[in-house]
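Trainee: Submitted below is the structure of interest, expressed as structure tokens.
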Number of protein chains: 2
Amino acid sequence: MTDPQSPLLRHFAGRRRLETLDALFAPRSIALVGASQDPRKIGGRPLVFLKRYGYPGEIYPINPQYAEVQGLRAFPSLAALPAPPEQVVVALPAAKVPEVLNEAAAAGAKSAVVFSAGFAETGGEGARLQDRVTATIAASPLRVLGPNCIGVINVPGRCYGTFAIALESGTAPAGETGFAVQSGAMGSHLFILARNAGIGVGRWAATGNEADVDVADCIAWMASDPGTQVIVCCLEACRDGARFRAALGLAREAGKPVLVLKIGASEVGQAAAASHTGMLAGNDAVFDAVLRQEAALRVDSIEALLDTAYVAAHAAKRRFSKARAARGRLGIVTLSGGFGILMADVASKAGLTLPELPAEAQREILELVPFAAARNPIDPTAQLNVVPELLEKCLDVVLAKGDFDALVVFISGVPYSPDLGKIYLQAVGKMRKRYGEPLIVLSAVGPAAYRRRVERAGCLYFEDSVRACIALGALRTLFALHADARVSAPPDPCAEDFPGIPDHPTDEVEAKRILAAAGIPVIAEALVASPEEAAAAAARLGFPVAMKIVSPEIAHKTEIGGVLLGVATPEEARRGYAALVAAATEKAPAARVRGVAVSPMIAHAVETILGVVQDPVFGPVVMFGLGGVFVETLRDVAFRAAPFDAGEAVRMIGEVKGSALLRGARGKPPADVAALAAALAALSRLAAARRDDFAAIDVNPFAVLPAGRGAVALDALVVPSGRGAQKAMLNAR
Amino acid sequence: MTDPQSPLLRHFAGRRRLETLDALFAPRSIALVGASQDPRKIGGRPLVFLKRYGYPGEIYPINPQYAEVQGLRAFPSLAALPAPPEQVVVALPAAKVPEVLNEAAAAGAKSAVVFSAGFAETGGEGARLQDRVTATIAASPLRVLGPNCIGVINVPGRCYGTFAIALESGTAPAGETGFAVQSGAMGSHLFILARNAGIGVGRWAATGNEADVDVADCIAWMASDPGTQVIVCCLEACRDGARFRAALGLAREAGKPVLVLKIGASEVGQAAAASHTGMLAGNDAVFDAVLRQEAALRVDSIEALLDTAYVAAHAAKRRFSKARAARGRLGIVTLSGGFGILMADVASKAGLTLPELPAEAQREILELVPFAAARNPIDPTAQLNVVPELLEKCLDVVLAKGDFDALVVFISGVPYSPDLGKIYLQAVGKMRKRYGEPLIVLSAVGPAAYRRRVERAGCLYFEDSVRACIALGALRTLFALHADARVSAPPDPCAEDFPGIPDHPTDEVEAKRILAAAGIPVIAEALVASPEEAAAAAARLGFPVAMKIVSPEIAHKTEIGGVLLGVATPEEARRGYAALVAAATEKAPAARVRGVAVSPMIAHAVETILGVVQDPVFGPVVMFGLGGVFVETLRDVAFRAAPFDAGEAVRMIGEVKGSALLRGARGKPPADVAALAAALAALSRLAAARRDDFAAIDVNPFAVLPAGRGAVALDALVVPSGRGAQKAMLNAR
């Protein structure tokens, strides 16, 4: 469960405020404004669904034209109701919405669901109307879903504040998977697919234009909802990155898996997303990183979304150990060697391991079936269809002696043979009872009823064994993320002695001073103002040295001849000083030259690049990559939203392919990854503490020395945001 | 159709010999040896299937114990038959198989299908028995499927020489997709899935132990079979790479797509494959490359296999232009903006493009539906469900004015509303009639019958719109491969003046001489034997030069200090000569030093690595990669089976990520890719012509200069196979 004291709740104005959403997901009474006699109309369908699926609360159709609507007593207005409705569903033209919301608040309603379209999604006049709705909501205690939404569903609560056409052909089985989606069409489609696949649905909300309640609210509410164990989220764009992260954090604190399908990843998709929602799609790689930090799983298809939700909900229902899920040791028993190989391939790619069965168990399998493959995958061969009782015996050996967290049993089309199908079903059912822990998947193709029988026996059913392996792999990834996740609260910029970031463009020396003050190691360096000082500094620092011109106006020093490397003698240092100043005078006559920086040359280092950019949705985001071709040619970089700790930094480093170089590729010693990770974490704290004060930070190169010898920034650039200057002006007024 | 003169036919002993497989796939009479009264037994099931599904030929049950089996007149032996059976199906214990095959040949049979297990798959005794079967087959005209196979099916021909349990629950609709698989369990499962999905099946064979007929034979036969338009192949291991390539080549020549699911790609999978088949799984990257060269499409799941086959068979049936399929311009019309974005994302990743609708057409769409997204994806919004007739109007604009090769129309769960579902179906049906070319997919979820109605209207149906996009992308890839494919016949090693490869280890100078003779540019070089010669050669070649010790016994010259770079003066060259010889004498006293190689230094080049390895299945395979971290750290390499032409080499180069460097990344000019491609092609011809004579060739580094300036091998190594020496010995006997 969610910690009632979690600091993350402040993003939702506290626990009390979040609980006001109860009236959205589980209202004890519902008034429908614009109630229609026509069961096919938007104002008619909710009544059909509420009646058909047995809503236990009061239903108040509001329509001044009728005394009765669809057999229910109707009321002329919200004011005329005998008791306050907990929820008001609005099926009226857009222009009437602000007024109805005021009436709803006056009637004592706690929540409203606004179906009406014609708001921000149409731009212009509609956007202005939505502004009015937003203002109305701000001035009332109502929690509002929509406008332009298809509503809210609570299957176990038999509550249907929706006109989703999906419900016309039946509702879904009650379950503990919650759906928080933006697009109504997508949510409706997901509902149909879940229903057709027999996946239990708990709460379901499509947020539409999100004038008040957004997906983050829904996720945060579901995190503490005892009826929700798995949360499925579909979103096109995230407006408030901090709230979204906080919602994911609350779910993680409650131990509930969140699966996210974010649409709009490709360039074409992003163009379509922009025209569809008008929101910022955000940088896709950043979104990826944020999900990973918050231990949510990103999937890339509806299929993966529902398959993973199915497995995760089953695991939650069985109270399957998260530690075992995160371990992900898969056993495969297969009627087809070929499928065994295919599953093994896919499972390995999906992050599962396939440990061999212990030698003793292998011998027992071979005693049962002489020509079996007994390692794992375990293939008892076609012999099984001749002596079907062998399946139970083989499974018993595998489960008793093997150390698996999940077992997939593939029996192809056997269920089409009723006798064999029954024997095999009994075998897995017995195993389910005899052995508590591993998840058991039966993968088969057969009559529709077979699936239900398998599920009643306490096992998972997948027609496609490959999809079973992918979903089990996703479950492993999910709980591995949960195990890794650390909450990194942003440091208090006042409490910690963080350096300030000036409003003016900084030069290299100043930038490194800021980084050093934030705990990022930088190279020893002397800023000198004459040839003699240069020679003396070089002698003190130790030859050979690097010398660089220092000027806030010269960002690209190499291009104007402003860098000298490998300066080996005092005389070279003196001549070098003169040459650098001459180059600056000639090539950048307007630049103010502060002097020349002298620093020792670094050998045997792996060059990396650290940086911070400002993401429009998630704020400061730290980037990491290897130097050279890795960043420039291969775009091999990893992101993390700031702040994060060194453990997260280590995972971040591991995500780039080039990190093989840090592990000591090409015959070199391993590099000091701990020092690198500490620097990334320190940079992330600086970025979080001073988030408003800079536009970008570049630490390039950041030289990582062999293990135990640390790392140092050789060059750096801090670009101020200019907002500090604005603030100062405002304060001065 | 296959070219009857295709040189590829020689791999199958010519067209006539291939046609003997007609008796396997379409026999006019079938004898079943070991016929059983029990319809559930292996010897009973084929009779059930042949009768139930209406085999039009003669059926001869062979069983000396009965006068009648399952209502058919039985015969005591093959010899007792009134006429020669075209096919003999054998359902007897393994030990009897050689004898039965002899009897079958004596009775005038043309083909045999051997169900019996207990052969090579069990090792030991079984392997020896299989050797006897192989010898028996070699001495007879019979074409034999198996042993240890589940048989052959011809759905349009109503021919079922199989005991596949899949058939018990029904057969598949007749179609033009052929299945050539190794594993019977896999083939049987595929058959069920195809049937359940309503995919038409043509010929189907599971080859089992492949004592005679293998998947290559089946593919080659299907290539010229008028009843096969798409070929699906599942294989675990390929024993004869050349025949497999030839079979794929025949299918490509016939314009028929081949889809391949190769199992055993991961390390775990390969271990399982080894225990399952005992065949060589081959290097997976090489297999990938070979498929691409032969224009076959590799898929990685059953789902992708069947989805792509479904789309490809539909395209073949509609005689859809391959050029348009290869172009892959996708239009999307969607009831859900969110799904539109998701489809756009997936389609882009799958290689399709989503061109915008022309401005005029966009205006027309917006006139029809004011708030529509009109670019592409085209989203007519929920307005469509209010005025369903708008779909036809929108589609008419899209098809008349847009330039698409495929159109996906996503209507979510609309088919559950019978009225709307009918209107939408009529709309796509009309469009199908009005517009000839683009493929039209209707993606929806609804009652099972809706799918059939959509297909009857001439459209494709996909429940999952994402899978539709992936399958259309796969079709594009397939026909893009077809368009690219060039037949590169191996050069005649005698006709072309190819250099020989000596039997002894070669030094660098000798290796480069061989490469140069094969048409690969190598650096100008002088082999010198004294300090004075070194100085003179360096002056002639132009300073600075590189100097390297030359000895067949010193492969790793740098490690013993045998390389000097940037030698700038005659005096340095003289001293260098002495230093190199001294280093060799000290560090490798046993090595025979042939002298010192002097060559000019090359600047501004991109360093690449070319190589040839011997693949156990496909023979000489050329490797390409970029120098430095790309090969050593990132393993970023591409493969091609030798020989191939420069066009194929260009595609090969494009496959490695590091090829961005060749296009002029990091501010450098583009490199001479044409020269590089020519060198790769020349290397591939050398490798093919001298395939038996070397174990490996390394050209590292191969320096690629800026465009127009060519490329040169700076160093090379040729490792002889030793087989030349063996040959010489054999010839001398």
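All residue names refer to the structure tokens as shown: chains lettered A, B, ... in order, residues numbered from 1 in each chain, ligands numbered from 1 in order.
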Skip Glu356 of chain B itself and residues of its chain fewer than 6 positions away, then list as a short mmCIF file (atom, residue, chain, number, x, y, z; two decimals) with all heavy atoms, in the first residue's frame all residues within 9 Å of it, counting only C-alpha atoms.

Mentor:
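File produced: out.cif:
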data_model
loop_
_atom_site.label_atom_id
_atom_site.label_comp_id
_atom_site.auth_asym_id
_atom_site.auth_seq_id
_atom_site.Cartn_x
_atom_site.Cartn_y
_atom_site.Cartn_z
N GLY B 331 -1.00 4.58 -46.14
CA GLY B 331 -2.01 5.52 -45.67
C GLY B 331 -2.75 4.90 -44.49
O GLY B 331 -2.96 3.69 -44.45
N GLN B 362 -6.43 17.14 -48.43
CA GLN B 362 -6.61 17.50 -47.02
C GLN B 362 -7.77 18.47 -46.87
O GLN B 362 -8.59 18.36 -45.96
CB GLN B 362 -5.33 18.12 -46.45
CG GLN B 362 -4.18 17.12 -46.31
CD GLN B 362 -3.05 17.66 -45.42
OE1 GLN B 362 -3.31 18.35 -44.43
NE2 GLN B 362 -1.82 17.36 -45.80
N ALA B 374 -6.00 15.52 -41.08
CA ALA B 374 -6.16 15.21 -42.50
C ALA B 374 -4.85 14.88 -43.20
O ALA B 374 -4.84 14.59 -44.39
CB ALA B 374 -6.84 16.38 -43.21
N ARG B 375 -3.73 14.93 -42.47
CA ARG B 375 -2.45 14.74 -43.16
C ARG B 375 -2.20 13.26 -43.47
O ARG B 375 -2.15 12.85 -44.60
CB ARG B 375 -1.33 15.30 -42.30
CG ARG B 375 -1.45 16.83 -42.14
CD ARG B 375 -0.18 17.46 -41.67
NE ARG B 375 0.13 17.04 -40.30
CZ ARG B 375 1.14 17.54 -39.60
NH1 ARG B 375 1.93 18.45 -40.12
NH2 ARG B 375 1.37 17.13 -38.37
N ASN B 376 -2.07 12.46 -42.47
CA ASN B 376 -1.81 11.02 -42.54
C ASN B 376 -0.97 10.68 -41.33
O ASN B 376 0.16 11.17 -41.27
CB ASN B 376 -1.05 10.61 -43.82
CG ASN B 376 -0.94 9.08 -43.95
OD1 ASN B 376 -1.73 8.34 -43.38
ND2 ASN B 376 0.05 8.61 -44.69
N PRO B 377 -1.48 9.95 -40.37
CA PRO B 377 -2.79 9.32 -40.33
C PRO B 377 -3.96 10.30 -40.46
O PRO B 377 -3.88 11.43 -39.98
CB PRO B 377 -2.83 8.66 -38.94
CG PRO B 377 -1.42 8.58 -38.49
CD PRO B 377 -0.69 9.69 -39.15
N GLY B 402 -4.58 10.41 -52.81
CA GLY B 402 -3.35 10.01 -52.13
C GLY B 402 -2.59 9.00 -52.98
O GLY B 402 -3.19 8.31 -53.81
#

Trainee: Which parts of segment 60-281 of chain B does DSSP call strand (DSSP E or B) when run on the backbone here, written out as an MDAnalysis selection string?

Mentor: chainID B and resid 60:62 68:69 72:73 75 87:90 111:114 143:145 151:154 159:162 174:181 201:206 230:235 258:262

Trainee: I need the residues from that last selection saved to file as an mmCIF file, in the first residue's frame (with C-alpha atoms), if you can.

Mentor:
data_model
loop_
_atom_site.group_PDB
_atom_site.id
_atom_site.type_symbol
_atom_site.label_atom_id
_atom_site.label_comp_id
_atom_site.auth_asym_id
_atom_site.auth_seq_id
_atom_site.Cartn_x
_atom_site.Cartn_y
_atom_site.Cartn_z
ATOM 1 C CA TYR B 60 -4.372 -49.106 -50.628
ATOM 2 C CA PRO B 61 -4.199 -50.178 -46.976
ATOM 3 C CA ILE B 62 -1.440 -52.793 -46.583
ATOM 4 C CA GLU B 68 -10.467 -54.732 -45.064
ATOM 5 C CA VAL B 69 -9.147 -51.815 -42.995
ATOM 6 C CA LEU B 72 -11.293 -50.071 -47.424
ATOM 7 C CA ARG B 73 -10.092 -53.206 -49.207
ATOM 8 C CA PHE B 75 -3.790 -55.927 -49.329
ATOM 9 C CA GLN B 87 3.279 -43.065 -52.887
ATOM 10 C CA VAL B 88 3.996 -45.529 -50.095
ATOM 11 C CA VAL B 89 3.390 -44.318 -46.546
ATOM 12 C CA VAL B 90 5.291 -46.358 -43.961
ATOM 13 C CA SER B 111 7.760 -41.767 -53.435
ATOM 14 C CA ALA B 112 7.681 -42.863 -49.823
ATOM 15 C CA VAL B 113 6.808 -41.138 -46.578
ATOM 16 C CA VAL B 114 8.423 -42.740 -43.530
ATOM 17 C CA ARG B 143 12.000 -40.011 -53.327
ATOM 18 C CA VAL B 144 11.675 -40.404 -49.570
ATOM 19 C CA LEU B 145 10.347 -38.032 -46.919
ATOM 20 C CA GLY B 151 4.284 -36.499 -43.434
ATOM 21 C CA VAL B 152 3.012 -34.434 -46.294
ATOM 22 C CA ILE B 153 -0.246 -32.577 -46.997
ATOM 23 C CA ASN B 154 -1.712 -31.068 -50.148
ATOM 24 C CA CYS B 159 -3.984 -35.461 -50.192
ATOM 25 C CA TYR B 160 -2.985 -36.350 -46.598
ATOM 26 C CA GLY B 161 0.047 -38.612 -46.271
ATOM 27 C CA THR B 162 0.313 -37.642 -42.607
ATOM 28 C CA ALA B 174 -7.238 -24.499 -49.559
ATOM 29 C CA GLY B 175 -4.830 -21.766 -50.546
ATOM 30 C CA GLU B 176 -1.501 -21.041 -52.178
ATOM 31 C CA THR B 177 0.864 -20.864 -49.221
ATOM 32 C CA GLY B 178 3.330 -23.735 -49.059
ATOM 33 C CA PHE B 179 4.971 -24.907 -45.838
ATOM 34 C CA ALA B 180 8.413 -26.512 -45.803
ATOM 35 C CA VAL B 181 9.363 -27.354 -42.237
ATOM 36 C CA VAL B 201 -2.732 -23.772 -47.131
ATOM 37 C CA GLY B 202 -1.369 -25.316 -50.331
ATOM 38 C CA ARG B 203 1.392 -27.915 -49.989
ATOM 39 C CA TRP B 204 2.858 -28.768 -46.615
ATOM 40 C CA ALA B 205 5.744 -31.066 -45.748
ATOM 41 C CA ALA B 206 7.596 -31.827 -42.518
ATOM 42 C CA VAL B 230 4.207 -17.962 -50.984
ATOM 43 C CA ILE B 231 6.653 -20.293 -49.235
ATOM 44 C CA VAL B 232 6.914 -20.581 -45.464
ATOM 45 C CA CYS B 233 9.992 -22.325 -44.129
ATOM 46 C CA CYS B 234 10.801 -23.326 -40.543
ATOM 47 C CA LEU B 235 14.186 -24.776 -39.947
ATOM 48 C CA VAL B 258 10.053 -17.055 -48.984
ATOM 49 C CA LEU B 259 9.595 -16.436 -45.250
ATOM 50 C CA VAL B 260 11.992 -18.196 -42.930
ATOM 51 C CA LEU B 261 11.754 -18.846 -39.216
ATOM 52 C CA LYS B 262 15.137 -20.174 -38.152
#

Trainee: Quick one: everything within 10 Å of Glu607 of chain A, counting only C-alpha atoms, minus sequence neighbours fewer than 2 positions away in the same chain. Send it as a VMD selection string.

Mentor: chain A and resid 604 to 605 609 625 to 628 661 to 662 700 to 705 711 to 714

Trainee: Between atom CA of Gln130 of chain B and atom CA of Glu19 of chain B, what is the spacing in Å?

Mentor: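 For atom CA of Glu19 of chain B relative to atom CA of Gln130 of chain B, the distance reads 24.8 Å.
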
Trainee: Please measure the separation of atom CA of Asp507 of chain A and atom CA of Ser551 of chain A, giving the value in Å to one decimal.

Mentor: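 That distance, rounded to one decimal, is 5.5 Å.
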
Trainee: How many Å lie between atom CA of Thr353 of chain B and atom CA of Leu330 of chain B, rounded to one decimal?

Mentor: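 Between these atoms lies a distance of 6.0 Å.
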
Trainee: From the options A:Cys218, A:Val454, A:Asn385, A:Ile440, which residue's atoms come nearest to Lys41 of chain B, counting only C-alpha atoms?

Mentor: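 Looking at the shortest contact to Lys41 of chain B, the residue is A:Asn385.
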
Trainee: Using only C-alpha atoms, which of the listed residues (A:Ile302, A:Ala326, A:Ile137, A:Val33) sits closest to chain B?

Mentor: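 For chain B, the nearest of the candidates is A:Ile302.
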
Trainee: Using only C-alpha atoms, pick whichever of B:Pro643, B:Gly542, B:Pro380, B:Gly198 has the shortest atom-to-atom distance to Ala687 of chain B.

Mentor: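 Counting only C-alpha atoms, the residue closest to Ala687 of chain B is B:Pro643.
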
Trainee: Write out as a ChimeraX atom specification the residues lying within 10 Å of Ala95 of chain B, counting only C-alpha atoms and excluding same-chain residues fewer than 2 positions away.

Mentor: /B:92-93,97-100,116-119,126,129-130,133

Trainee: Got a sec: who's within 7 Å of Ala646 of chain A, counting only C-alpha atoms, leaving out chain neighbours fewer than 5 positions off, as a list in words?

Mentor: Ala677, Ala678 and Ala681 of chain A
